[in-house]
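Visitor: Supplied structure: structure.txt, compact mmCIF, C-alpha atoms and all ligand atoms.
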```
# COMPACT_ATOMS: atom_id res chain seq x y z
CA MET J 1 34.64 -44.45 23.51
CA THR J 2 37.09 -42.93 21.04
CA GLU J 3 38.13 -39.35 20.19
CA THR J 4 36.03 -39.53 17.01
CA ASP J 5 32.75 -40.28 18.82
CA LYS J 6 30.25 -37.45 18.60
CA LEU J 7 29.90 -35.13 21.58
CA ALA J 8 26.55 -36.53 22.77
CA THR J 9 28.11 -40.00 22.93
CA ARG J 10 31.21 -38.76 24.69
CA LEU J 11 29.20 -36.88 27.34
CA VAL J 12 27.41 -40.12 28.20
CA GLU J 13 30.58 -42.19 28.43
CA LEU J 14 33.25 -39.83 29.78
CA GLY J 15 34.90 -40.77 33.06
CA ARG J 16 33.28 -44.21 33.26
CA LYS J 17 36.39 -46.40 33.48
CA PRO J 18 35.55 -49.91 34.79
CA ALA J 19 38.28 -49.50 37.43
CA TRP J 20 36.28 -46.60 38.91
CA THR J 21 32.70 -47.78 38.32
CA HIS J 22 33.13 -51.47 39.32
CA GLY J 23 30.34 -52.59 37.03
CA VAL J 24 27.69 -49.97 37.81
CA VAL J 25 26.82 -47.07 35.50
CA ASN J 26 27.94 -44.29 37.83
CA PRO J 27 31.13 -44.31 39.90
CA PRO J 28 30.38 -44.83 43.59
CA VAL J 29 30.52 -41.67 45.73
CA TYR J 30 33.56 -42.22 47.92
CA HIS J 31 33.36 -40.30 51.20
CA ALA J 32 36.97 -40.48 52.19
CA SER J 33 39.55 -38.79 54.29
CA THR J 34 41.61 -41.75 55.52
CA CYS J 35 42.57 -44.59 53.25
CA VAL J 36 43.96 -47.68 55.00
CA PHE J 37 46.65 -50.10 53.87
CA GLU J 38 46.98 -53.74 54.85
CA THR J 39 50.65 -54.22 54.16
CA LEU J 40 53.85 -52.22 54.43
CA ASP J 41 54.34 -52.73 50.69
CA SER J 42 50.98 -51.17 49.77
CA PHE J 43 51.49 -48.35 52.31
CA GLU J 44 54.88 -47.46 50.83
CA GLN J 45 53.51 -47.73 47.30
CA ALA J 46 50.62 -45.38 48.17
CA LYS J 47 53.02 -42.77 49.53
CA LEU J 48 54.42 -42.42 46.03
CA ASN J 49 50.91 -41.18 45.26
CA PRO J 50 50.72 -42.13 41.60
CA ASP J 51 47.71 -40.74 39.72
CA GLY J 52 44.87 -43.17 40.11
CA GLY J 53 46.21 -44.64 43.36
CA LEU J 54 44.42 -44.10 46.68
CA PHE J 55 46.55 -42.32 49.29
CA TYR J 56 44.46 -39.80 51.24
CA GLY J 57 41.03 -38.31 50.53
CA ARG J 58 42.32 -34.86 49.66
CA ARG J 59 44.53 -36.39 46.97
CA GLY J 60 41.51 -37.81 45.13
CA THR J 61 39.24 -40.84 44.90
CA PRO J 62 37.73 -42.62 41.88
CA THR J 63 34.69 -40.28 42.13
CA VAL J 64 36.93 -37.23 41.71
CA TRP J 65 39.16 -38.83 39.08
CA ALA J 66 36.09 -39.69 37.00
CA LEU J 67 35.04 -36.02 36.89
CA GLU J 68 38.58 -34.76 36.28
CA ASP J 69 39.07 -37.24 33.48
CA ALA J 70 35.73 -36.32 31.90
CA ILE J 71 36.38 -32.56 31.97
CA ASN J 72 39.92 -33.12 30.70
CA GLN J 73 38.64 -35.02 27.68
CA LEU J 74 36.32 -32.17 26.72
CA GLU J 75 39.32 -29.93 25.90
CA ALA J 76 41.45 -30.92 22.91
CA GLY J 77 45.12 -30.54 23.84
CA ALA J 78 44.63 -30.96 27.60
CA ALA J 79 47.34 -32.65 29.66
CA GLY J 80 45.44 -32.67 32.95
CA THR J 81 42.49 -31.31 34.90
CA ARG J 82 41.97 -30.68 38.61
CA VAL J 83 38.63 -30.04 40.28
CA THR J 84 38.54 -27.34 42.97
CA PRO J 85 35.84 -26.31 45.47
CA SER J 86 34.59 -23.33 43.38
CA GLY J 87 35.17 -21.38 40.18
CA VAL J 88 36.98 -18.67 42.13
CA SER J 89 39.37 -21.20 43.70
CA ALA J 90 40.05 -22.59 40.20
CA ILE J 91 41.00 -19.09 39.00
CA ALA J 92 43.25 -18.69 42.06
CA VAL J 93 45.00 -22.03 41.45
CA ALA J 94 45.59 -21.13 37.80
CA LEU J 95 47.01 -17.66 38.55
CA LEU J 96 49.09 -18.74 41.56
CA SER J 97 50.58 -21.61 39.57
CA GLN J 98 52.14 -19.21 37.05
CA LEU J 99 52.97 -16.06 39.04
CA LYS J 100 55.54 -15.04 41.62
CA ALA J 101 56.53 -11.84 43.42
CA GLY J 102 57.69 -9.15 40.99
CA ASP J 103 55.63 -10.42 38.04
CA HIS J 104 53.31 -8.34 35.84
CA LEU J 105 49.85 -9.66 34.95
CA LEU J 106 47.50 -8.44 32.20
CA VAL J 107 43.79 -8.81 32.93
CA MET J 108 40.82 -7.70 30.80
CA ASP J 109 38.92 -4.71 32.21
CA SER J 110 35.68 -6.67 31.85
CA ALA J 111 36.79 -9.29 34.40
CA TYR J 112 34.45 -11.19 36.67
CA GLU J 113 34.52 -9.02 39.80
CA PRO J 114 36.03 -11.59 42.22
CA THR J 115 38.90 -12.10 39.72
CA ARG J 116 39.61 -8.38 40.01
CA THR J 117 39.35 -8.60 43.82
CA LEU J 118 41.88 -11.46 43.84
CA CYS J 119 44.31 -9.54 41.63
CA ASN J 120 43.97 -6.31 43.62
CA GLY J 121 44.02 -8.17 46.94
CA LEU J 122 46.04 -11.33 47.50
CA LEU J 123 48.15 -11.06 44.32
CA ALA J 124 48.99 -7.39 45.00
CA LYS J 125 49.97 -8.32 48.58
CA MET J 126 52.34 -10.93 47.12
CA GLY J 127 54.03 -8.28 44.98
CA ILE J 128 52.32 -9.16 41.68
CA THR J 129 51.19 -6.12 39.65
CA THR J 130 47.98 -6.27 37.62
CA GLU J 131 47.33 -4.03 34.63
CA TYR J 132 43.79 -3.99 33.19
CA TYR J 133 43.49 -3.88 29.41
CA ASP J 134 40.71 -3.08 26.93
CA PRO J 135 39.01 -6.47 26.32
CA LEU J 136 38.82 -5.61 22.60
CA ILE J 137 42.55 -4.85 22.31
CA GLY J 138 43.31 -8.05 20.32
CA ALA J 139 46.84 -8.52 18.99
CA ASP J 140 47.63 -4.91 19.93
CA ILE J 141 48.15 -6.23 23.45
CA THR J 142 51.80 -6.61 22.37
CA ARG J 143 52.42 -2.98 23.33
CA LEU J 144 51.47 -3.70 26.97
CA PHE J 145 54.03 -6.43 27.50
CA LYS J 146 56.89 -5.68 29.87
CA ALA J 147 59.98 -7.73 30.58
CA ASN J 148 58.24 -9.17 33.65
CA THR J 149 54.82 -9.92 32.08
CA ARG J 150 54.18 -13.58 32.88
CA VAL J 151 50.45 -14.08 32.41
CA VAL J 152 47.63 -12.74 30.26
CA MET J 153 44.15 -13.49 31.52
CA VAL J 154 41.21 -13.61 29.10
CA GLU J 155 37.53 -14.01 29.81
CA SER J 156 35.38 -14.11 26.72
CA PRO J 157 32.77 -12.79 26.64
CA GLY J 158 33.37 -10.31 29.47
CA SER J 159 31.37 -10.53 32.66
CA LEU J 160 28.21 -8.37 32.55
CA THR J 161 29.22 -6.46 29.39
CA PHE J 162 29.90 -9.38 27.02
CA GLU J 163 32.78 -8.08 24.89
CA VAL J 164 34.03 -11.05 22.83
CA GLN J 165 37.83 -11.13 22.80
CA ASP J 166 40.22 -12.02 19.99
CA VAL J 167 41.62 -14.94 21.97
CA PRO J 168 43.86 -16.37 19.19
CA GLY J 169 45.29 -12.88 18.50
CA ILE J 170 46.05 -12.29 22.17
CA ALA J 171 47.44 -15.82 22.56
CA LYS J 172 49.83 -15.39 19.63
CA ALA J 173 51.14 -12.14 21.10
CA ALA J 174 51.56 -13.79 24.51
CA GLN J 175 53.35 -16.76 22.99
CA ARG J 176 55.85 -14.44 21.24
CA HIS J 177 56.54 -12.87 24.61
CA GLY J 178 56.75 -16.20 26.48
CA ALA J 179 53.72 -15.39 28.65
CA THR J 180 51.05 -17.89 29.72
CA VAL J 181 47.40 -17.37 28.73
CA ILE J 182 44.75 -18.27 31.29
CA MET J 183 41.10 -18.18 30.23
CA ASP J 184 37.89 -18.13 32.23
CA ASN J 185 35.82 -20.26 29.84
CA THR J 186 32.75 -20.60 32.07
CA TRP J 187 30.29 -18.92 29.68
CA ALA J 188 30.92 -21.06 26.60
CA THR J 189 32.23 -24.27 28.23
CA PRO J 190 34.44 -26.45 26.00
CA LEU J 191 31.25 -27.39 24.11
CA TYR J 192 31.04 -23.94 22.52
CA PHE J 193 34.67 -22.79 22.71
CA GLN J 194 37.76 -24.97 22.62
CA ALA J 195 40.09 -22.78 24.65
CA LEU J 196 43.36 -24.73 24.36
CA ALA J 197 42.89 -25.22 20.62
CA HIS J 198 42.66 -21.41 20.30
CA GLY J 199 46.04 -20.86 21.96
CA VAL J 200 45.06 -20.77 25.66
CA ASP J 201 47.41 -22.58 28.07
CA ILE J 202 45.10 -22.99 31.07
CA SER J 203 41.32 -23.13 30.75
CA VAL J 204 39.28 -22.48 33.88
CA MET J 205 35.59 -23.16 34.35
CA SER J 206 33.17 -22.59 37.19
CA LEU J 207 31.50 -26.02 37.16
CA THR J 208 28.91 -24.42 39.45
CA LYS J 209 27.27 -23.02 36.33
CA TYR J 210 26.37 -25.23 33.36
CA VAL J 211 28.12 -28.47 34.32
CA ILE J 212 26.35 -28.85 37.67
CA GLY J 213 23.45 -27.00 36.07
CA HIS J 214 20.92 -27.22 38.91
CA SER J 215 22.02 -24.41 41.30
CA ASP J 216 22.70 -26.84 44.11
CA ALA J 217 26.50 -27.13 44.40
CA LEU J 218 29.78 -25.29 43.77
CA LEU J 219 32.93 -26.56 42.02
CA GLY J 220 35.64 -25.33 39.65
CA GLY J 221 37.81 -26.96 37.02
CA VAL J 222 41.37 -26.13 35.91
CA THR J 223 42.49 -27.74 32.65
CA ALA J 224 46.09 -27.26 31.54
CA ASN J 225 48.23 -28.00 28.50
CA ALA J 226 51.44 -30.01 28.78
CA ALA J 227 53.66 -26.98 29.41
CA THR J 228 51.66 -25.66 32.36
CA TRP J 229 50.19 -28.87 33.85
CA PRO J 230 53.04 -29.81 36.24
CA GLU J 231 52.95 -26.43 38.00
CA VAL J 232 49.11 -26.32 38.02
CA ASN J 233 49.05 -29.78 39.61
CA ARG J 234 51.70 -28.88 42.19
CA THR J 235 49.94 -25.63 43.14
CA PHE J 236 46.58 -27.40 43.42
CA HIS J 237 48.05 -29.90 45.89
CA GLN J 238 50.08 -27.34 47.83
CA LEU J 239 46.98 -25.21 48.40
CA GLY J 240 45.10 -28.26 49.68
CA GLN J 241 42.26 -27.88 47.20
CA CYS J 242 39.64 -30.57 46.76
CA GLY J 243 35.95 -30.76 45.91
CA GLY J 244 33.48 -32.55 48.19
CA PRO J 245 32.35 -36.00 46.96
CA ASP J 246 28.63 -35.20 46.82
CA ASP J 247 29.27 -32.05 44.79
CA VAL J 248 31.52 -34.04 42.45
CA PHE J 249 28.72 -36.57 42.04
CA LEU J 250 26.31 -33.75 41.13
CA ALA J 251 28.79 -32.46 38.53
CA LEU J 252 29.12 -35.93 36.98
CA ARG J 253 25.33 -36.19 36.87
CA GLY J 254 25.04 -32.74 35.29
CA LEU J 255 27.66 -33.53 32.68
CA ARG J 256 25.48 -36.25 31.12
CA THR J 257 22.79 -33.70 30.12
CA LEU J 258 25.09 -30.72 29.54
CA SER J 259 24.73 -30.69 25.77
CA LEU J 260 20.92 -30.94 25.86
CA ARG J 261 20.56 -28.19 28.45
CA LEU J 262 23.12 -25.88 26.88
CA ASN J 263 21.49 -26.17 23.46
CA ARG J 264 18.13 -25.26 24.97
CA HIS J 265 19.59 -22.32 26.98
CA ASN J 266 21.33 -21.20 23.78
CA ALA J 267 18.27 -21.39 21.50
CA SER J 268 15.92 -19.68 23.97
CA ALA J 269 18.46 -16.93 24.77
CA VAL J 270 19.11 -16.17 21.09
CA GLU J 271 15.37 -15.96 20.43
CA ILE J 272 14.74 -13.69 23.42
CA ALA J 273 17.78 -11.50 22.64
CA HIS J 274 16.54 -10.89 19.08
CA TRP J 275 13.06 -10.14 20.37
CA LEU J 276 14.39 -7.72 23.03
CA GLN J 277 16.13 -5.72 20.29
CA GLY J 278 12.68 -4.68 19.07
CA GLN J 279 11.40 -3.50 22.48
CA SER J 280 11.32 0.29 22.87
CA GLN J 281 12.36 0.25 26.57
CA VAL J 282 15.62 -1.57 25.66
CA LEU J 283 18.56 0.61 24.55
CA ARG J 284 21.03 -2.19 23.82
CA VAL J 285 21.20 -5.97 23.81
CA LEU J 286 24.66 -7.30 24.64
CA HIS J 287 24.55 -10.84 23.30
CA PRO J 288 27.64 -12.29 21.51
CA ALA J 289 25.52 -13.85 18.72
CA LEU J 290 24.06 -10.45 17.77
CA PRO J 291 26.03 -8.23 15.35
CA SER J 292 25.56 -5.26 17.73
CA CYS J 293 27.64 -6.98 20.46
CA PRO J 294 31.23 -5.70 20.75
CA GLY J 295 33.51 -8.37 19.30
CA HIS J 296 30.66 -10.26 17.57
CA ALA J 297 32.98 -11.12 14.64
CA HIS J 298 35.27 -13.00 17.07
CA TRP J 299 32.29 -14.96 18.38
CA GLN J 300 31.28 -15.82 14.82
CA ARG J 301 34.80 -16.95 13.93
CA ASP J 302 35.68 -18.91 17.09
CA PHE J 303 32.57 -20.10 18.95
CA THR J 304 30.01 -22.77 18.09
CA GLY J 305 27.24 -21.56 20.44
CA SER J 306 26.27 -18.84 22.86
CA SER J 307 24.78 -20.38 26.08
CA GLY J 308 22.03 -18.60 28.01
CA LEU J 309 23.59 -15.51 29.59
CA PHE J 310 23.52 -11.96 28.19
CA SER J 311 22.74 -8.40 29.23
CA ILE J 312 20.39 -5.62 28.21
CA VAL J 313 20.72 -1.90 28.82
CA LEU J 314 17.39 -0.25 29.60
CA GLN J 315 16.34 3.27 28.63
CA PRO J 316 17.40 5.60 31.48
CA GLY J 317 14.93 5.40 34.37
CA THR J 318 14.61 5.59 38.14
CA ARG J 319 15.23 3.02 40.86
CA HIS J 320 11.47 3.04 41.41
CA GLN J 321 10.89 1.99 37.79
CA LEU J 322 13.50 -0.75 38.04
CA ALA J 323 11.97 -2.05 41.28
CA ALA J 324 8.52 -2.13 39.64
CA MET J 325 9.99 -4.20 36.82
CA VAL J 326 12.03 -6.75 38.78
CA ASP J 327 9.81 -7.07 41.86
CA GLY J 328 6.90 -8.14 39.68
CA PHE J 329 8.65 -10.80 37.60
CA ARG J 330 6.99 -14.23 37.80
CA HIS J 331 9.85 -16.30 36.40
CA PHE J 332 12.99 -14.09 36.43
CA LYS J 333 14.15 -14.04 40.05
CA MET J 334 17.10 -11.89 41.14
CA GLY J 335 20.14 -13.93 42.04
CA PHE J 336 23.89 -14.10 41.71
CA SER J 337 25.36 -16.97 39.74
CA TRP J 338 23.73 -18.56 36.68
CA GLY J 339 23.85 -21.76 34.62
CA GLY J 340 21.05 -23.50 36.51
CA PHE J 341 17.71 -24.54 34.99
CA GLU J 342 16.00 -21.36 36.22
CA SER J 343 15.84 -17.90 34.67
CA LEU J 344 17.46 -15.05 36.55
CA ALA J 345 17.72 -11.27 36.28
CA LEU J 346 20.61 -9.37 37.86
CA PRO J 347 20.65 -5.55 37.98
CA ALA J 348 24.31 -4.48 37.91
CA ASN J 349 26.45 -1.39 37.49
CA PRO J 350 29.69 -2.11 35.59
CA LYS J 351 30.91 1.47 36.29
CA ASN J 352 32.35 0.43 39.65
CA MET J 353 34.14 -2.56 38.14
CA ARG J 354 36.21 -0.73 35.50
CA SER J 355 39.59 0.96 35.70
CA THR J 356 40.76 1.31 32.06
CA ILE J 357 37.74 1.50 29.75
CA PRO J 358 34.97 3.45 31.50
CA TRP J 359 31.41 2.16 31.24
CA GLU J 360 29.50 5.14 29.81
CA GLU J 361 25.98 3.76 29.31
CA SER J 362 23.33 5.94 30.93
CA GLY J 363 20.68 3.23 31.32
CA GLN J 364 20.45 0.42 33.85
CA LEU J 365 22.18 -2.84 32.92
CA LEU J 366 20.23 -6.01 33.57
CA ARG J 367 21.97 -9.37 33.13
CA LEU J 368 19.57 -12.12 32.14
CA HIS J 369 20.05 -15.84 32.45
CA ILE J 370 17.59 -17.67 30.22
CA GLY J 371 16.58 -20.91 31.90
CA LEU J 372 14.77 -23.99 30.65
CA GLU J 373 11.23 -22.61 31.01
CA ASP J 374 9.04 -22.25 27.93
CA VAL J 375 10.32 -19.33 25.89
CA GLU J 376 6.83 -17.84 25.42
CA ASP J 377 6.31 -17.70 29.21
CA LEU J 378 9.65 -15.92 29.56
CA LYS J 379 8.79 -13.40 26.84
CA ALA J 380 5.42 -12.72 28.51
CA ASP J 381 7.20 -12.13 31.85
CA LEU J 382 9.65 -9.71 30.20
CA THR J 383 6.86 -7.94 28.27
CA ALA J 384 4.94 -7.32 31.51
CA GLY J 385 8.16 -6.22 33.27
CA LEU J 386 9.11 -3.75 30.54
CA LYS J 387 5.56 -2.36 30.64
CA ARG J 388 5.83 -1.82 34.41
CA TYR J 389 9.24 -0.18 33.83
CA CYS J 390 7.90 2.49 31.51
CA GLU J 391 4.55 3.02 33.26
CA SER J 392 5.80 3.35 36.87
C1 LIG R 401 32.55 -15.86 34.61
C2 LIG R 401 32.59 -16.47 35.98
N1 LIG R 401 33.71 -17.06 36.38
C3 LIG R 401 33.83 -17.61 37.61
C4 LIG R 401 32.77 -17.57 38.49
C5 LIG R 401 32.96 -18.12 39.87
O1 LIG R 401 32.38 -19.32 40.07
P1 LIG R 401 32.02 -19.89 41.49
O2 LIG R 401 30.75 -19.23 41.91
O3 LIG R 401 31.88 -21.35 41.25
O4 LIG R 401 33.14 -19.57 42.43
C6 LIG R 401 31.57 -16.97 38.12
C7 LIG R 401 30.43 -16.95 39.06
O5 LIG R 401 29.48 -16.21 38.91
C8 LIG R 401 31.48 -16.39 36.84
O6 LIG R 401 30.36 -15.76 36.42
```
Would you mind writing the structure in this file as structure tokens?
Ligand SMILES: Cc1ncc(COP(=O)(O)O)c(C=O)c1O

Guide:
Amino acid sequence: MTETDKLATRLVELGRKPAWTHGVVNPPVYHASTCVFETLDSFEQAKLNPDGGLFYGRRGTPTVWALEDAINQLEAGAAGTRVTPSGVSAIAVALLSQLKAGDHLLVMDSAYEPTRTLCNGLLAKMGITTEYYDPLIGADITRLFKANTRVVMVESPGSLTFEVQDVPGIAKAAQRHGATVIMDNTWATPLYFQALAHGVDISVMSLTKYVIGHSDALLGGVTANAATWPEVNRTFHQLGQCGGPDDVFLALRGLRTLSLRLNRHNASAVEIAHWLQGQSQVLRVLHPALPSCPGHAHWQRDFTGSSGLFSIVLQPGTRHQLAAMVDGFRHFKMGFSWGGFESLALPANPKNMRSTIPWEESGQLLRLHIGLEDVEDLKADLTAGLKRYCES
């Protein structure tokens, strides 16, 4: 495989070094804590713990290295990738690697809620101050920088509300200030948004979502550029992070079909989002590929796809109406997380998750994940649900 191979080819071949696969297609699943050494020489050599050398299970095995190598090669400009037990732990490793007591951190107001909880909890306890900014601030973020601003976090589009950020504009401002940019790139994955190539220093992904893709395991990935990699790697090891071998195997399996699945999620979601715009019970459709989405021009400029997750805002109604709608769905089940093969609907209230830009919509927000079912079946399910909503 070479850098010029097309994505579909690369997804099939990534991480399959003969030294890890030993002649079979998939790397064996190493269940390892202890590694044993036959000679004093090999024991002493292992203690140096070079990358790619067995030392102790937590420090990696060929199964883990195969996934890390594969994810790393998806991001142009990456110096290294570590796999963590969840997306949230990946965000924690990235932030903790760059911050220390007394530092100032800028985080978008549309952050994934556990990111906010981490900033307001553990990071605050460590003496790190978080300031939440308007996700659509763009290059104007310059005015928020203080002498002690070390990190700017971006998540594009925003969780639940889908504002698409001007990542290159924010990154340029951060670079001028000497601050590191960390991005939660779970929604687009490197297939639809090349984070490092757009000025991000550390790109984080919840592999739980599209990479694993089957709602049966949790993992996270942290991919860093050359400037930030040494500290990311050190922090990862110091925190004792590691993914379980069976989950890593599931991520490697998911990776092979990522492009196929993502393209299908993308196409079905775009079709359903356009269709929902014409439904009278729907006030707004918040989908980055639609011109009505805040920051749509940034999506058009920077992204090559839009995955399967977006939100709608319903006409104002009662809890009873909402219950009639969601309780009766045949295909859209309520559930946290997303990125699996199944469609999901999540009623949410962004009001309680904002501190800078209030969420003023009067109607109920419903986040939809469009799965791999037939798009006509999904539309029929939504049609019946919207009918129950207005007739209850
Ligand atoms: C945008 C985003 N980032 C990170 C995560 C966290 O991932 P995990 O569930 O693997 O911890 C989620 C999970 O819903 C998410 O939506």

Visitor: Show me which residues line ligand LIG 401 (chain R), defined as having an atom within 7 Å of a ligand atom where all atoms listed in the file count, and present them as an MDAnalysis selection string.

Guide: chainID J and resid 86:89 112 159 184 186:187 205:209 218:220 336:338

Visitor: Could you produce a table of the residues of range 235-312 of chain J lying within 7 Å of range 5-25 of chain J, with the nearest pair of atoms per residue and their separation in Å rounded to one decimal, using all atoms listed in the file, ordered by chain and increasing residue number, as JSON lines?

Guide:
```
{"residue": "J:Leu255", "atom": "CA", "partner": "J:Leu11", "partner_atom": "CA", "distance": 6.5}
{"residue": "J:Arg256", "atom": "CA", "partner": "J:Val12", "partner_atom": "CA", "distance": 5.2}
{"residue": "J:Ser259", "atom": "CA", "partner": "J:Ala8", "partner_atom": "CA", "distance": 6.8}
```

Visitor: Find the distance between CA of Leu250 in chain J and CA of Thr61 in chain J and write it in Å to one decimal.

Guide: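 For CA of Leu250 in chain J relative to CA of Thr61 in chain J, the distance reads 15.2 Å.
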
Visitor: For Leu99 in chain J, which of J:Gly213, J:Gly339, J:Pro157, J:Gly127 is the closest residue, counting all atoms listed in the file?

Guide: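 Among J:Gly213, J:Gly339, J:Pro157, J:Gly127, it is J:Gly127 that comes nearest to Leu99 in chain J.
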
Visitor: Enumerate, as an MDAnalysis selection string, the protein, DNA and RNA residues whose atoms approach (18.2, -23.6, 36.8) to within 12 Å, taking into account all atoms listed in the file and the coordinate frame of the file.

Guide: chainID J and resid 208:217 254 261:262 264:265 308 331:333 335 337:344 369:373

Visitor: Please measure the separation of CA of Thr129 in chain J and CA of Glu155 in chain J, giving the value in Å to one decimal.

Guide: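 Atom-to-atom, CA of Thr129 in chain J and CA of Glu155 in chain J are spaced 18.6 Å apart.
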
Visitor: Here is a test: counting all atoms listed in the file, which residue of J:Val154, J:Ala101, J:Ile202, J:Leu286 is nearest to His274 in chain J?

Guide: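 Looking only at the distances to His274 in chain J, the closest residue turns out to be J:Leu286.
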
Visitor: Please compute the CA of Gln277 in chain J-CA of Asp302 in chain J distance, one decimal, in Å.

Guide: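 Pair CA of Gln277 in chain J / CA of Asp302 in chain J returns 23.8 Å.
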
Visitor: Here is a test: counting only C-alpha atoms, which residue of J:Pro135, J:Gly305, J:Pro190, J:Pro350 is nearest to Asn266 in chain J?

Guide: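 Looking only at the distances to Asn266 in chain J, the closest residue turns out to be J:Gly305.
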
Visitor: Mind checking which residues fall within 9 Å of Gly158 in chain J, counting all atoms listed in the file, ignoring those fewer than 2 positions away in the same chain, and posting them as a VMD selection string?

Guide: chain J and resid 108 to 112 135 154 to 156 160 to 165

Visitor: Once N, CA and C atoms are restored for range 309-329 of chain J, what would the output be as a PDB file, keeping the file's coordinate frame?

Guide:
```pdb
ATOM      1  N   LEU J 309      23.357 -16.705  28.773  1.00  0.00           N
ATOM      2  CA  LEU J 309      23.590 -15.510  29.590  1.00  0.00           C
ATOM      3  C   LEU J 309      23.917 -14.319  28.707  1.00  0.00           C
ATOM      4  N   PHE J 310      23.212 -13.201  28.903  1.00  0.00           N
ATOM      5  CA  PHE J 310      23.520 -11.960  28.190  1.00  0.00           C
ATOM      6  C   PHE J 310      22.935 -10.790  28.969  1.00  0.00           C
ATOM      7  N   SER J 311      23.230  -9.588  28.515  1.00  0.00           N
ATOM      8  CA  SER J 311      22.740  -8.400  29.230  1.00  0.00           C
ATOM      9  C   SER J 311      21.917  -7.518  28.315  1.00  0.00           C
ATOM     10  N   ILE J 312      21.048  -6.709  28.942  1.00  0.00           N
ATOM     11  CA  ILE J 312      20.390  -5.620  28.210  1.00  0.00           C
ATOM     12  C   ILE J 312      20.665  -4.326  28.952  1.00  0.00           C
ATOM     13  N   VAL J 313      20.644  -3.230  28.202  1.00  0.00           N
ATOM     14  CA  VAL J 313      20.720  -1.900  28.820  1.00  0.00           C
ATOM     15  C   VAL J 313      19.355  -1.257  28.589  1.00  0.00           C
ATOM     16  N   LEU J 314      18.728  -0.852  29.696  1.00  0.00           N
ATOM     17  CA  LEU J 314      17.390  -0.250  29.600  1.00  0.00           C
ATOM     18  C   LEU J 314      17.486   1.244  29.288  1.00  0.00           C
ATOM     19  N   GLN J 315      16.410   1.804  28.759  1.00  0.00           N
ATOM     20  CA  GLN J 315      16.340   3.270  28.630  1.00  0.00           C
ATOM     21  C   GLN J 315      16.538   3.845  30.028  1.00  0.00           C
ATOM     22  N   PRO J 316      17.185   5.039  30.136  1.00  0.00           N
ATOM     23  CA  PRO J 316      17.400   5.600  31.480  1.00  0.00           C
ATOM     24  C   PRO J 316      16.084   5.700  32.262  1.00  0.00           C
ATOM     25  N   GLY J 317      16.135   5.374  33.534  1.00  0.00           N
ATOM     26  CA  GLY J 317      14.930   5.400  34.370  1.00  0.00           C
ATOM     27  C   GLY J 317      15.332   5.514  35.829  1.00  0.00           C
ATOM     28  N   THR J 318      14.352   5.432  36.707  1.00  0.00           N
ATOM     29  CA  THR J 318      14.610   5.590  38.140  1.00  0.00           C
ATOM     30  C   THR J 318      14.701   4.225  38.821  1.00  0.00           C
ATOM     31  N   ARG J 319      15.172   4.258  40.067  1.00  0.00           N
ATOM     32  CA  ARG J 319      15.230   3.020  40.860  1.00  0.00           C
ATOM     33  C   ARG J 319      13.817   2.479  41.066  1.00  0.00           C
ATOM     34  N   HIS J 320      12.874   3.413  41.227  1.00  0.00           N
ATOM     35  CA  HIS J 320      11.470   3.040  41.410  1.00  0.00           C
ATOM     36  C   HIS J 320      10.963   2.232  40.203  1.00  0.00           C
ATOM     37  N   GLN J 321      11.300   2.697  39.018  1.00  0.00           N
ATOM     38  CA  GLN J 321      10.890   1.990  37.790  1.00  0.00           C
ATOM     39  C   GLN J 321      11.507   0.585  37.737  1.00  0.00           C
ATOM     40  N   LEU J 322      12.805   0.542  38.076  1.00  0.00           N
ATOM     41  CA  LEU J 322      13.500  -0.750  38.040  1.00  0.00           C
ATOM     42  C   LEU J 322      12.871  -1.719  39.044  1.00  0.00           C
ATOM     43  N   ALA J 323      12.571  -1.193  40.250  1.00  0.00           N
ATOM     44  CA  ALA J 323      11.970  -2.050  41.280  1.00  0.00           C
ATOM     45  C   ALA J 323      10.610  -2.570  40.795  1.00  0.00           C
ATOM     46  N   ALA J 324       9.836  -1.692  40.145  1.00  0.00           N
ATOM     47  CA  ALA J 324       8.520  -2.130  39.640  1.00  0.00           C
ATOM     48  C   ALA J 324       8.711  -3.282  38.648  1.00  0.00           C
ATOM     49  N   MET J 325       9.744  -3.156  37.827  1.00  0.00           N
ATOM     50  CA  MET J 325       9.990  -4.200  36.820  1.00  0.00           C
ATOM     51  C   MET J 325      10.408  -5.522  37.487  1.00  0.00           C
ATOM     52  N   VAL J 326      11.457  -5.485  38.287  1.00  0.00           N
ATOM     53  CA  VAL J 326      12.030  -6.750  38.780  1.00  0.00           C
ATOM     54  C   VAL J 326      11.216  -7.365  39.922  1.00  0.00           C
ATOM     55  N   ASP J 327      10.594  -6.525  40.740  1.00  0.00           N
ATOM     56  CA  ASP J 327       9.810  -7.070  41.860  1.00  0.00           C
ATOM     57  C   ASP J 327       8.607  -7.871  41.355  1.00  0.00           C
ATOM     58  N   GLY J 328       8.123  -7.492  40.185  1.00  0.00           N
ATOM     59  CA  GLY J 328       6.900  -8.140  39.680  1.00  0.00           C
ATOM     60  C   GLY J 328       7.140  -9.326  38.768  1.00  0.00           C
ATOM     61  N   PHE J 329       8.390  -9.657  38.495  1.00  0.00           N
ATOM     62  CA  PHE J 329       8.650 -10.800  37.600  1.00  0.00           C
ATOM     63  C   PHE J 329       8.074 -12.088  38.188  1.00  0.00           C
TER      64      PHE J 329
END
```
